[in-house]
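A.B. asks: Enclosed is the structure file entry-v2.txt (compact mmCIF, C-alpha atoms).
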# COMPACT_ATOMS: atom_id res chain seq x y z
CA MET J 11 -61.36 -1.45 -18.05
CA ASN J 12 -62.56 0.98 -15.39
CA HIS J 13 -61.11 4.50 -15.92
CA ASP J 14 -63.01 6.10 -13.02
CA PRO J 15 -60.47 8.49 -11.34
CA ASP J 16 -62.08 7.95 -7.93
CA GLU J 17 -61.59 4.21 -8.27
CA LEU J 18 -57.98 4.74 -9.37
CA ASP J 19 -57.39 6.97 -6.32
CA ARG J 20 -58.74 4.27 -4.01
CA ARG J 21 -56.73 1.50 -5.67
CA LEU J 22 -53.43 3.40 -5.58
CA GLY J 23 -54.05 4.62 -2.05
CA GLY J 24 -54.73 1.05 -0.91
CA HIS J 25 -51.61 -0.18 -2.66
CA PHE J 26 -49.34 2.33 -0.92
CA ARG J 27 -50.99 1.74 2.47
CA SER J 28 -50.35 -2.00 2.22
CA ALA J 29 -46.82 -1.68 0.81
CA SER J 30 -43.87 -2.72 2.99
CA LEU J 31 -42.00 0.49 3.70
CA PRO J 32 -38.56 1.17 5.20
CA GLU J 33 -38.31 3.34 8.25
CA ALA J 34 -39.53 6.79 7.31
CA PRO J 35 -40.93 9.91 8.97
CA THR J 36 -44.42 9.51 10.44
CA SER J 37 -45.55 12.40 8.26
CA LEU J 38 -44.98 10.28 5.15
CA ARG J 39 -47.27 7.49 6.42
CA VAL J 40 -49.94 10.08 7.29
CA VAL J 41 -49.82 11.48 3.77
CA ILE J 42 -50.11 8.03 2.20
CA ASP J 43 -52.98 6.98 4.50
CA GLY J 44 -54.88 10.13 3.68
CA LEU J 45 -54.61 9.88 -0.09
CA GLY J 46 -57.22 7.19 -0.64
CA ALA J 47 -59.68 8.89 1.72
CA GLN J 48 -59.71 12.14 -0.23
CA ARG J 49 -62.78 12.77 -2.41
CA THR J 50 -61.76 14.96 -5.29
CA THR J 51 -63.58 16.38 -8.29
CA GLY J 52 -62.58 18.30 -11.41
CA VAL J 53 -59.22 20.05 -11.14
CA VAL J 54 -58.73 18.95 -7.53
CA ARG J 55 -58.96 15.28 -8.60
CA GLY J 56 -56.15 15.86 -11.07
CA ARG J 57 -54.01 17.27 -8.32
CA GLY J 58 -54.80 14.24 -6.17
CA LEU J 59 -53.53 11.93 -8.92
CA LEU J 60 -50.41 14.03 -9.27
CA GLY J 61 -49.91 13.80 -5.51
CA LEU J 62 -50.17 10.02 -5.69
CA ALA J 63 -47.58 9.92 -8.43
CA LEU J 64 -45.21 12.15 -6.45
CA VAL J 65 -45.62 10.13 -3.27
CA GLY J 66 -45.15 6.95 -5.28
CA ALA J 67 -41.86 8.30 -6.59
CA LEU J 68 -40.86 9.25 -3.04
CA VAL J 69 -41.61 5.76 -1.75
CA VAL J 70 -39.60 4.18 -4.57
CA GLY J 71 -36.76 6.53 -3.75
CA LEU J 72 -36.87 5.54 -0.08
CA LEU J 73 -36.87 1.87 -0.96
CA ALA J 74 -33.89 2.39 -3.22
CA ALA J 75 -32.10 4.37 -0.51
CA THR J 76 -32.34 1.47 1.93
CA ARG J 77 -30.40 -0.61 -0.60
CA VAL J 78 -27.91 2.04 -1.73
CA LEU J 79 -26.93 3.70 1.54
CA PRO J 80 -25.37 0.59 3.12
CA MET J 81 -23.03 0.44 0.12
CA THR J 82 -21.90 4.04 0.48
CA GLY J 83 -18.23 4.20 1.41
CA MET J 84 -17.24 0.98 -0.36
CA LEU J 85 -14.24 2.29 -2.23
CA GLY J 86 -12.05 0.82 -4.90
CA PRO J 87 -8.64 -0.82 -4.38
CA GLY J 88 -6.10 1.50 -2.81
CA ALA J 89 -8.70 4.00 -1.65
CA ILE J 90 -8.86 5.19 1.93
CA PRO J 91 -11.72 3.72 4.02
CA PRO J 92 -14.03 6.43 5.44
CA ALA J 93 -13.05 5.59 9.02
CA GLN J 94 -9.45 6.49 8.19
CA ALA J 95 -10.08 9.47 5.93
CA ILE J 96 -8.71 11.85 8.57
CA THR J 97 -5.67 13.84 7.45
CA PHE J 98 -2.85 13.73 10.00
CA THR J 99 -0.15 16.24 10.77
CA VAL J 100 3.34 14.80 11.24
CA SER J 101 3.16 14.86 15.05
CA GLU J 102 -0.34 13.30 15.06
CA LEU J 103 0.78 10.58 12.67
CA LEU J 104 3.88 9.69 14.67
CA ALA J 105 1.93 9.69 17.95
CA SER J 106 -0.70 7.35 16.50
CA ARG J 107 2.00 5.07 15.11
CA ASP J 108 3.84 4.92 18.44
CA ALA J 109 0.56 4.16 20.23
CA GLY J 110 0.01 1.18 17.92
CA ALA J 111 -3.21 2.65 16.53
CA LEU J 112 -2.37 2.44 12.83
CA GLY J 113 -0.74 -0.88 12.02
CA SER J 114 -0.32 -1.03 8.26
CA GLU J 115 -3.54 0.84 7.45
CA GLN J 116 -3.44 3.50 4.75
CA VAL J 117 -3.70 7.09 6.00
CA ARG J 118 -3.29 10.66 4.75
CA LEU J 119 -0.52 13.00 5.83
CA GLN J 120 -0.18 16.72 5.24
CA GLY J 121 2.89 18.86 5.79
CA PHE J 122 5.76 20.47 3.92
CA TRP J 123 8.14 18.70 1.56
CA SER J 124 11.84 19.51 1.36
CA ASP J 125 14.87 17.76 -0.13
CA LEU J 126 18.47 18.60 0.78
CA SER J 127 20.01 15.38 -0.53
CA PHE J 128 23.59 15.68 -1.72
CA ALA J 129 26.31 13.35 -2.90
CA HIS J 130 28.36 11.84 -0.09
CA SER J 131 29.58 8.47 1.15
CA CYS J 132 28.90 6.45 4.30
CA ALA J 133 30.65 3.58 6.04
CA ARG J 134 29.99 0.19 4.47
CA PRO J 135 27.21 -1.67 6.40
CA ILE J 136 27.78 -5.15 7.80
CA ASP J 137 24.81 -6.57 5.86
CA THR J 138 23.15 -5.36 2.69
CA PRO J 139 20.67 -2.68 3.78
CA GLY J 140 17.01 -2.98 2.82
CA GLU J 141 15.50 -0.23 0.70
CA LEU J 142 13.34 1.02 3.57
CA GLU J 143 16.46 1.81 5.60
CA ILE J 144 17.26 4.69 3.23
CA TYR J 145 20.79 3.98 4.31
CA CYS J 146 23.12 6.98 4.38
CA HIS J 147 20.44 9.49 3.31
CA ASP J 148 17.89 9.29 6.12
CA GLY J 149 17.01 12.80 7.29
CA GLU J 150 18.16 14.58 4.12
CA PHE J 151 14.64 14.79 2.68
CA GLY J 152 11.10 14.38 3.94
CA ILE J 153 7.99 15.99 5.35
CA THR J 154 7.87 18.50 8.19
CA GLU J 155 4.89 19.72 10.16
CA ARG J 156 5.96 23.34 10.08
CA ALA J 157 6.78 25.36 6.98
CA GLU J 158 10.50 24.71 7.28
CA PRO J 159 13.13 22.55 5.55
CA ILE J 160 13.69 19.14 7.10
CA ALA J 161 17.33 20.09 7.55
CA THR J 162 19.86 22.83 6.94
CA ARG J 163 23.31 22.40 5.44
CA PRO J 164 25.63 25.28 6.24
CA ASP J 165 28.48 23.56 4.38
CA ASP J 166 29.31 20.33 2.58
CA ALA J 167 30.43 18.66 5.79
CA HIS J 168 27.45 19.30 8.05
CA LEU J 169 23.72 18.61 8.01
CA PHE J 170 21.46 19.74 10.84
CA VAL J 171 18.02 18.12 11.00
CA THR J 172 15.16 20.30 12.26
CA ASN J 173 13.96 19.98 15.84
CA GLY J 174 10.33 20.28 14.70
CA PRO J 175 8.12 17.26 13.91
CA HIS J 176 9.38 15.57 10.75
CA LEU J 177 9.85 12.24 9.03
CA THR J 178 11.77 10.85 6.08
CA PRO J 179 9.42 8.61 4.07
CA TRP J 180 10.20 5.95 1.52
CA VAL J 181 9.17 7.22 -1.91
CA PRO J 182 8.62 4.75 -4.80
CA ASP J 183 10.59 5.40 -7.98
CA HIS J 184 7.52 6.35 -10.06
CA LEU J 185 6.68 9.23 -7.70
CA TRP J 186 10.11 10.85 -7.55
CA PRO J 187 9.63 12.72 -10.86
CA ARG J 188 6.67 14.55 -9.32
CA LEU J 189 8.96 15.82 -6.55
CA ALA J 190 11.86 16.81 -8.78
CA GLY J 191 12.58 20.52 -8.70
CA VAL J 192 10.03 21.22 -5.96
CA SER J 193 11.13 24.15 -3.84
CA SER J 194 11.83 23.64 -0.14
CA PRO J 195 9.60 23.73 1.78
CA THR J 196 6.36 23.34 -0.17
CA PRO J 197 2.93 22.11 1.03
CA ILE J 198 2.19 18.46 0.31
CA VAL J 199 -0.50 15.86 1.04
CA VAL J 200 0.31 12.17 0.61
CA VAL J 201 -1.23 8.77 1.21
CA GLY J 202 0.85 6.06 2.80
CA HIS J 203 1.30 3.41 5.49
CA PHE J 204 3.64 1.99 8.12
CA ASP J 205 4.69 -1.60 8.86
CA ASP J 206 5.48 -2.42 5.24
CA PRO J 207 6.32 -6.11 4.54
CA ARG J 208 9.69 -5.04 3.08
CA SER J 209 10.84 -4.18 6.59
CA GLN J 210 11.81 -7.85 6.95
CA GLU J 211 14.42 -7.33 4.23
CA CYS J 212 16.29 -4.76 6.31
CA GLN J 213 19.39 -5.51 8.34
CA PRO J 214 18.53 -7.27 11.61
CA THR J 215 19.40 -4.18 13.63
CA ALA J 216 17.21 -1.99 11.38
CA VAL J 217 13.99 -4.04 11.16
CA ASP J 218 12.19 -1.90 13.75
CA LEU J 219 13.40 1.25 12.00
CA CYS J 220 11.99 -0.02 8.70
CA ARG J 221 8.66 -1.02 10.23
CA ALA J 222 8.35 2.52 11.55
CA ARG J 223 9.12 3.97 8.12
CA PHE J 224 6.24 5.81 6.46
CA VAL J 225 5.87 4.44 2.93
CA ILE J 226 4.23 6.81 0.46
CA ASP J 227 1.63 5.20 -1.82
CA ASP J 228 0.57 8.33 -3.68
CA ILE J 229 0.91 12.10 -3.75
CA LEU J 230 -2.41 13.90 -3.63
I'd like the structure from this file rewritten - as structure tokens, please.
C.D. replies:
Amino acid sequence: MNHDPDELDRRLGGHFRSASLPEAPTSLRVVIDGLGAQRTTGVVRGRGLLGLALVGALVVGLLAATRVLPMTGMLGPGAIPPAQAITFTVSELLASRDAGALGSEQVRLQGFWSDLSFAHSCARPIDTPGELEIYCHDGEFGITERAEPIATRPDDAHLFVTNGPHLTPWVPDHLWPRLAGVSSPTPIVVVGHFDDPRSQECQPTAVDLCRARFVIDDIL
């Protein structure tokens, strides 16, 4: 076996020059082309071999990158796609919903949580209300854009909902314990969606209301 360093330099240089490379800076090709042409002796030759090894590692890294980078952003179930990773304010979210830009896609919402729910009764509905209607308690809790409660209750007979941007979301049972005892208002960031399939279970007159309901999937 030939252990001549000059021969090894030429062989490795030729290998890298002939290798199929991904798109890379021109400077990298110049370095590779020049490696085999270098005539080195003594300590300099050792540095040339080290340079080949380093460039070889760089080339391997570039080749790997061309396979890994296209996969970047492929997230697990329930995760937010990169294109929708923007965090909305309440007014931005409602405007995008009304413009038909969201559909049922999962998005993030930031704002302030408050809950002024209290025991009271409402008139009996004609049909059984769907859970997304939040029948009789809509507006008593939710997320506001400004640092303010979603409503004020000066007495047991009156409830005044804020004029600022706000919404009352549907919250799944397993998330309510995380909101218990939270002061009003307090900052919150949630993940959720509109146009939930359960909107079809709402009363006929409330289907559109339920489709426009923001359904919380998780609290971040």
A.B. asks: Taking (11.1, 6.2, -3.3) in the file's coordinates as the center, which residues reach within 9 Å of it, counting all atoms listed in the file, put as a PyMOL selection string?
C.D. replies: chain J and resi 141-142+179-186+225-226
A.B. asks: Counting all atoms listed in the file, what is within 9 Å of J:Val199, bar same-chain residues fewer than 2 positions away, as a tab-separated table (two decimals) with C-alpha atoms, in the coordinates of the input?
C.D. replies:
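Just written: out.tsv:
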chain	number	residue	atom	x	y	z
J	97	THR	CA	-5.67	13.84	7.45
J	118	ARG	CA	-3.29	10.66	4.75
J	119	LEU	CA	-0.52	13.00	5.83
J	120	GLN	CA	-0.18	16.72	5.24
J	121	GLY	CA	2.89	18.86	5.79
J	122	PHE	CA	5.76	20.47	3.92
J	197	PRO	CA	2.93	22.11	1.03
J	201	VAL	CA	-1.23	8.77	1.21
J	228	ASP	CA	0.57	8.33	-3.68
J	229	ILE	CA	0.91	12.10	-3.75
J	230	LEU	CA	-2.41	13.90	-3.63
A.B. asks: At a cut-off of 12 Å around the point (9.4, 22.7, -5.3) (file coordinates), what residues fall inside when counting only C-alpha atoms? I'd like the answer as a PyMOL selection string.
C.D. replies: chain J and resi 122-126+159+187-198
A.B. asks: Mind pulling up the distance from atom CA of J:Arg134 to atom CA of J:Ile153?
C.D. replies: 27.1 Å
A.B. asks: Hey, what's within 8 Å of J:Gly174 if we count all atoms listed in the file and toss same-chain stuff fewer than 2 positions away? As a PyMOL selection string, please?
C.D. replies: chain J and resi 154-156+172+176
A.B. asks: May I ask for the distance between atom CA of J:Ile144 and atom CA of J:Pro207, given in Å to one decimal place?
C.D. replies: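 Value for the atom CA of J:Ile144-atom CA of J:Pro207 distance: 15.4 Å.
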A.B. asks: Restricting the calculation to only C-alpha atoms: of J:Glu115, J:Asp218, J:Asp137, J:Asp206, which residue gets closest to J:Leu103?
C.D. replies: J:Glu115
A.B. asks: When you count only C-alpha atoms, which of these residues is closest to J:Asn173: J:Gln210, J:Ser101, J:His203, J:Gly110?
C.D. replies: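 The answer is J:Ser101, which sits nearest to J:Asn173.
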A.B. asks: Could you please determine the separation between atom CA of J:Ser209 and atom CA of J:Ala109 in Å, to one decimal place?
C.D. replies: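 It comes out at 19.0 Å.
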A.B. asks: Using all atoms listed in the file, which of the listed residues (J:Pro139, J:Cys220, J:Gly202, J:Arg208) sits closest to J:Leu112?
C.D. replies: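 Using all atoms listed in the file, J:Leu112 sits closest to J:Gly202.
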A.B. asks: Which is closest to J:Ile96 among J:Gln213, J:Gln116, J:Ser127, J:Thr138, if we use all atoms listed in the file?
C.D. replies: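 So, comparing all the options, the nearest one is J:Gln116.
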A.B. asks: Supply stretch 173-189 of chain J as a PDB file, keeping the file's coordinate frame, with N, CA and C atoms built in where the input has gaps.
C.D. replies:
ATOM      1  N   ASN J 173      14.469  20.481  14.565  1.00  0.00           N
ATOM      2  CA  ASN J 173      13.960  19.980  15.840  1.00  0.00           C
ATOM      3  C   ASN J 173      12.436  19.802  15.812  1.00  0.00           C
ATOM      4  N   GLY J 174      11.771  20.395  14.814  1.00  0.00           N
ATOM      5  CA  GLY J 174      10.330  20.280  14.700  1.00  0.00           C
ATOM      6  C   GLY J 174       9.906  18.898  14.233  1.00  0.00           C
ATOM      7  N   PRO J 175       8.613  18.571  14.354  1.00  0.00           N
ATOM      8  CA  PRO J 175       8.120  17.260  13.910  1.00  0.00           C
ATOM      9  C   PRO J 175       8.441  17.033  12.424  1.00  0.00           C
ATOM     10  N   HIS J 176       8.989  15.869  12.125  1.00  0.00           N
ATOM     11  CA  HIS J 176       9.380  15.570  10.750  1.00  0.00           C
ATOM     12  C   HIS J 176       9.524  14.063  10.569  1.00  0.00           C
ATOM     13  N   LEU J 177       9.566  13.633   9.344  1.00  0.00           N
ATOM     14  CA  LEU J 177       9.850  12.240   9.030  1.00  0.00           C
ATOM     15  C   LEU J 177      10.433  12.156   7.621  1.00  0.00           C
ATOM     16  N   THR J 178      11.244  11.144   7.413  1.00  0.00           N
ATOM     17  CA  THR J 178      11.770  10.850   6.080  1.00  0.00           C
ATOM     18  C   THR J 178      11.038   9.608   5.568  1.00  0.00           C
ATOM     19  N   PRO J 179      10.181   9.747   4.564  1.00  0.00           N
ATOM     20  CA  PRO J 179       9.420   8.610   4.070  1.00  0.00           C
ATOM     21  C   PRO J 179      10.170   7.849   2.975  1.00  0.00           C
ATOM     22  N   TRP J 180       9.713   6.661   2.699  1.00  0.00           N
ATOM     23  CA  TRP J 180      10.200   5.950   1.520  1.00  0.00           C
ATOM     24  C   TRP J 180       9.304   6.331   0.349  1.00  0.00           C
ATOM     25  N   VAL J 181       9.906   6.760  -0.738  1.00  0.00           N
ATOM     26  CA  VAL J 181       9.170   7.220  -1.910  1.00  0.00           C
ATOM     27  C   VAL J 181       9.432   6.257  -3.067  1.00  0.00           C
ATOM     28  N   PRO J 182       8.409   5.658  -3.671  1.00  0.00           N
ATOM     29  CA  PRO J 182       8.620   4.750  -4.800  1.00  0.00           C
ATOM     30  C   PRO J 182       9.176   5.501  -6.008  1.00  0.00           C
ATOM     31  N   ASP J 183       9.897   4.781  -6.845  1.00  0.00           N
ATOM     32  CA  ASP J 183      10.590   5.400  -7.980  1.00  0.00           C
ATOM     33  C   ASP J 183       9.638   6.193  -8.890  1.00  0.00           C
ATOM     34  N   HIS J 184       8.412   5.684  -9.096  1.00  0.00           N
ATOM     35  CA  HIS J 184       7.520   6.350 -10.060  1.00  0.00           C
ATOM     36  C   HIS J 184       6.976   7.677  -9.550  1.00  0.00           C
ATOM     37  N   LEU J 185       7.160   7.958  -8.242  1.00  0.00           N
ATOM     38  CA  LEU J 185       6.680   9.230  -7.700  1.00  0.00           C
ATOM     39  C   LEU J 185       7.780  10.287  -7.605  1.00  0.00           C
ATOM     40  N   TRP J 186       9.031   9.879  -7.679  1.00  0.00           N
ATOM     41  CA  TRP J 186      10.110  10.850  -7.550  1.00  0.00           C
ATOM     42  C   TRP J 186      10.063  11.947  -8.622  1.00  0.00           C
ATOM     43  N   PRO J 187       9.704  11.640  -9.871  1.00  0.00           N
ATOM     44  CA  PRO J 187       9.630  12.720 -10.860  1.00  0.00           C
ATOM     45  C   PRO J 187       8.663  13.837 -10.487  1.00  0.00           C
ATOM     46  N   ARG J 188       7.632  13.526  -9.736  1.00  0.00           N
ATOM     47  CA  ARG J 188       6.670  14.550  -9.320  1.00  0.00           C
ATOM     48  C   ARG J 188       7.255  15.463  -8.240  1.00  0.00           C
ATOM     49  N   LEU J 189       8.331  15.025  -7.600  1.00  0.00           N
ATOM     50  CA  LEU J 189       8.960  15.820  -6.550  1.00  0.00           C
ATOM     51  C   LEU J 189      10.212  16.539  -7.045  1.00  0.00           C
TER      52      LEU J 189
END
